[in-house]
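Read through the structure below, which is laid out as structure tokens, and then see the notes.
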Amino acid sequence: MNAKSELSLVLFLIVLTIGSFFVVHDQFAPVPAMPERVAEIFAQQPEVFVLGSRTQTEGCQVNGPLPDPECTPGSVFPDAGLEKICVSGYSKTVRSVSTSLKKKVYAAYGIPYPPPRGSYEADHLIPLAIGGNNDIANLFPESGNTTPGFREKDIVENYLRGEVCDGRVSLKSAQMQIAENWLAVYDKLTPSDISRIKNMFKNSYGSP
């Protein structure tokens, strides 16, 4: 091999090494840490997390994008730990809300079923994606006519699932915050945060 060929080979190896570094670096780029303004919400939570009981079955009232806590306090699968919820596609394997159950949910809130398209969505208060179950105590008609509404709640759900599965928030803390007031998290997210969350979790976790 002449000197020119040796030089070409060396240059090729240098370029290949540099290219490989950037590919690996990009692949394992760390997920940005939770903004301090959001972390403060979880720092204020009580140490003991206990979901309320469903004490009302009719005359329920939605409060904008929030449910009636007496009718929809939230409910979870007791065995839904990180080893289950952090597996891609988990929500699809446990989603089970029949039409008859949806009718009961809407009836409890005094809303005709089926509602006009886009007006309400039978939603899990604590999403399946972070361990919520399909019990009526975890379901409510969430308004699509308010902003924030069910579309914005999806952003918070995907965001918290990512935080839980990355180990920055405990599963119980995320469940508690969603059950009490998911808006508290959404209100702390900036437009750039929201854009980043949409891009990061568009294909990662699927529907919450």
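Letters A, B, ... go to the chains of the structure tokens in the order shown; residues in each chain start at 1; ligands are counted from 1 in the same order.
Secondary structure of stretch 106-175 of chain A, strand (DSSP E) only (DSSP, backbone atoms): Tyr120, Glu121, Ala122, Asp123, His124, Leu139, Phe140, Pro141, Glu142 and Ser143 of chain A.
Backbone DSSP over stretch 94-145 of chain A yields alpha helix (DSSP H) at Val94, Thr99, Ser100, Leu101, Lys102, Lys103, Lys104, Val105, Tyr106, Ala107 and Ala108 of chain A.
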Could you list, as a PDB file with N, CA and C atoms, in the first residue's frame, every residue within 9 Å of A:Cys71, counting only C-alpha atoms and ignoring same-chain residues fewer than 5 positions away?
```
ATOM      1  N   SER A  53     -63.015   7.240  48.478  1.00  0.00           N
ATOM      2  CA  SER A  53     -64.022   6.255  48.079  1.00  0.00           C
ATOM      3  C   SER A  53     -65.122   6.945  47.279  1.00  0.00           C
ATOM      4  N   ARG A  54     -65.786   6.202  46.435  1.00  0.00           N
ATOM      5  CA  ARG A  54     -66.900   6.739  45.654  1.00  0.00           C
ATOM      6  C   ARG A  54     -68.128   6.806  46.560  1.00  0.00           C
ATOM      7  N   THR A  55     -68.527   7.995  46.933  1.00  0.00           N
ATOM      8  CA  THR A  55     -69.621   8.179  47.885  1.00  0.00           C
ATOM      9  C   THR A  55     -70.895   8.709  47.233  1.00  0.00           C
ATOM     10  N   GLN A  56     -70.855   8.982  45.935  1.00  0.00           N
ATOM     11  CA  GLN A  56     -72.019   9.518  45.235  1.00  0.00           C
ATOM     12  C   GLN A  56     -72.154   8.833  43.891  1.00  0.00           C
ATOM     13  N   THR A  57     -73.362   8.449  43.512  1.00  0.00           N
ATOM     14  CA  THR A  57     -73.583   7.707  42.270  1.00  0.00           C
ATOM     15  C   THR A  57     -74.488   8.437  41.292  1.00  0.00           C
ATOM     16  N   GLU A  58     -75.021   9.573  41.702  1.00  0.00           N
ATOM     17  CA  GLU A  58     -75.864  10.378  40.813  1.00  0.00           C
ATOM     18  C   GLU A  58     -75.749  11.845  41.203  1.00  0.00           C
ATOM     19  N   GLY A  59     -76.228  12.709  40.310  1.00  0.00           N
ATOM     20  CA  GLY A  59     -76.113  14.134  40.583  1.00  0.00           C
ATOM     21  C   GLY A  59     -74.693  14.640  40.561  1.00  0.00           C
ATOM     22  N   CYS A  60     -73.816  13.939  39.872  1.00  0.00           N
ATOM     23  CA  CYS A  60     -72.401  14.324  39.799  1.00  0.00           C
ATOM     24  C   CYS A  60     -72.242  15.542  38.888  1.00  0.00           C
ATOM     25  N   GLN A  61     -71.229  16.352  39.172  1.00  0.00           N
ATOM     26  CA  GLN A  61     -71.000  17.566  38.398  1.00  0.00           C
ATOM     27  C   GLN A  61     -69.545  17.648  37.948  1.00  0.00           C
ATOM     28  N   ALA A 108     -74.599   9.104  35.627  1.00  0.00           N
ATOM     29  CA  ALA A 108     -74.253   9.625  36.952  1.00  0.00           C
ATOM     30  C   ALA A 108     -73.992  11.123  36.903  1.00  0.00           C
ATOM     31  N   TYR A 109     -73.465  11.591  35.770  1.00  0.00           N
ATOM     32  CA  TYR A 109     -73.168  13.011  35.607  1.00  0.00           C
ATOM     33  C   TYR A 109     -74.292  13.774  34.903  1.00  0.00           C
ATOM     34  N   ILE A 136     -65.702   2.185  37.677  1.00  0.00           N
ATOM     35  CA  ILE A 136     -66.485   3.399  37.490  1.00  0.00           C
ATOM     36  C   ILE A 136     -65.974   4.532  38.381  1.00  0.00           C
ATOM     37  N   ALA A 137     -65.321   4.191  39.487  1.00  0.00           N
ATOM     38  CA  ALA A 137     -64.753   5.211  40.376  1.00  0.00           C
ATOM     39  C   ALA A 137     -63.575   5.933  39.733  1.00  0.00           C
ATOM     40  N   ASN A 138     -63.113   5.420  38.605  1.00  0.00           N
ATOM     41  CA  ASN A 138     -61.973   6.032  37.914  1.00  0.00           C
ATOM     42  C   ASN A 138     -62.364   6.607  36.560  1.00  0.00           C
ATOM     43  N   LEU A 139     -63.682   6.695  36.300  1.00  0.00           N
ATOM     44  CA  LEU A 139     -64.154   7.163  35.006  1.00  0.00           C
ATOM     45  C   LEU A 139     -65.052   8.390  35.159  1.00  0.00           C
ATOM     46  N   PHE A 140     -64.929   9.304  34.201  1.00  0.00           N
ATOM     47  CA  PHE A 140     -65.811  10.469  34.185  1.00  0.00           C
ATOM     48  C   PHE A 140     -65.885  11.042  32.771  1.00  0.00           C
TER      49      PHE A 140
END
```
Hey, could you make a per-residue contact list for stretch 127-183 of chain A against stretch 116-120 of chain A with 7 Å as the cut-off, showing the nearest pair of atoms and its distance in Å to one decimal, counting only C-alpha atoms, sorted by chain and number, as a Markdown table?
```
| residue | atom | partner | partner_atom | distance |
| --- | --- | --- | --- | --- |
| A:Pro141 | CA | A:Tyr120 | CA | 5.6 |
| A:Glu142 | CA | A:Tyr120 | CA | 5.3 |
| A:Ser143 | CA | A:Tyr120 | CA | 4.5 |
| A:Gly144 | CA | A:Ser119 | CA | 4.9 |
| A:Asn145 | CA | A:Ser119 | CA | 5.8 |
```
Take the residues from that selection and write them out as a tab-separated table (two decimals), in the first residue's frame, keeping C-alpha atoms.
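Writing done, so here's again.tsv:
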```tsv
chain	number	residue	atom	x	y	z
A	141	PRO	CA	-67.06	12.43	31.15
A	142	GLU	CA	-64.21	14.83	30.48
A	143	SER	CA	-65.09	17.93	28.52
A	144	GLY	CA	-63.54	18.65	25.17
A	145	ASN	CA	-65.10	22.12	25.08
```
Shortest interatomic distance to A:Phe49 - which of A:Ser173, A:Pro191, A:Asn181, A:Asn133, counting only C-alpha atoms = A:Ser173
key: stretch 122-127 of chain A surroundings by only C-alpha atoms, 10 Å radius, close-in-sequence under 3 positions cut, as a PyMOL selection string   = chain A and resi 66-67+72-76+91+95+97+101-103+105-106+115+130-143+150+153-154+157-158+161+174-182+207-208
key: For atom CA of A:Tyr159 and atom CA of A:Val87, the interatomic separation in Å (one decimal)   = 15.4 Å
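Across A:Tyr186, A:Phe42, A:Tyr90, A:Phe77, the tightest approach to A:Pro148 is made by A:Tyr186 when counting only C-alpha atoms.
From atom CA of A:Ser96 back to atom CA of A:Leu160, the distance works out to 22.0 Å.
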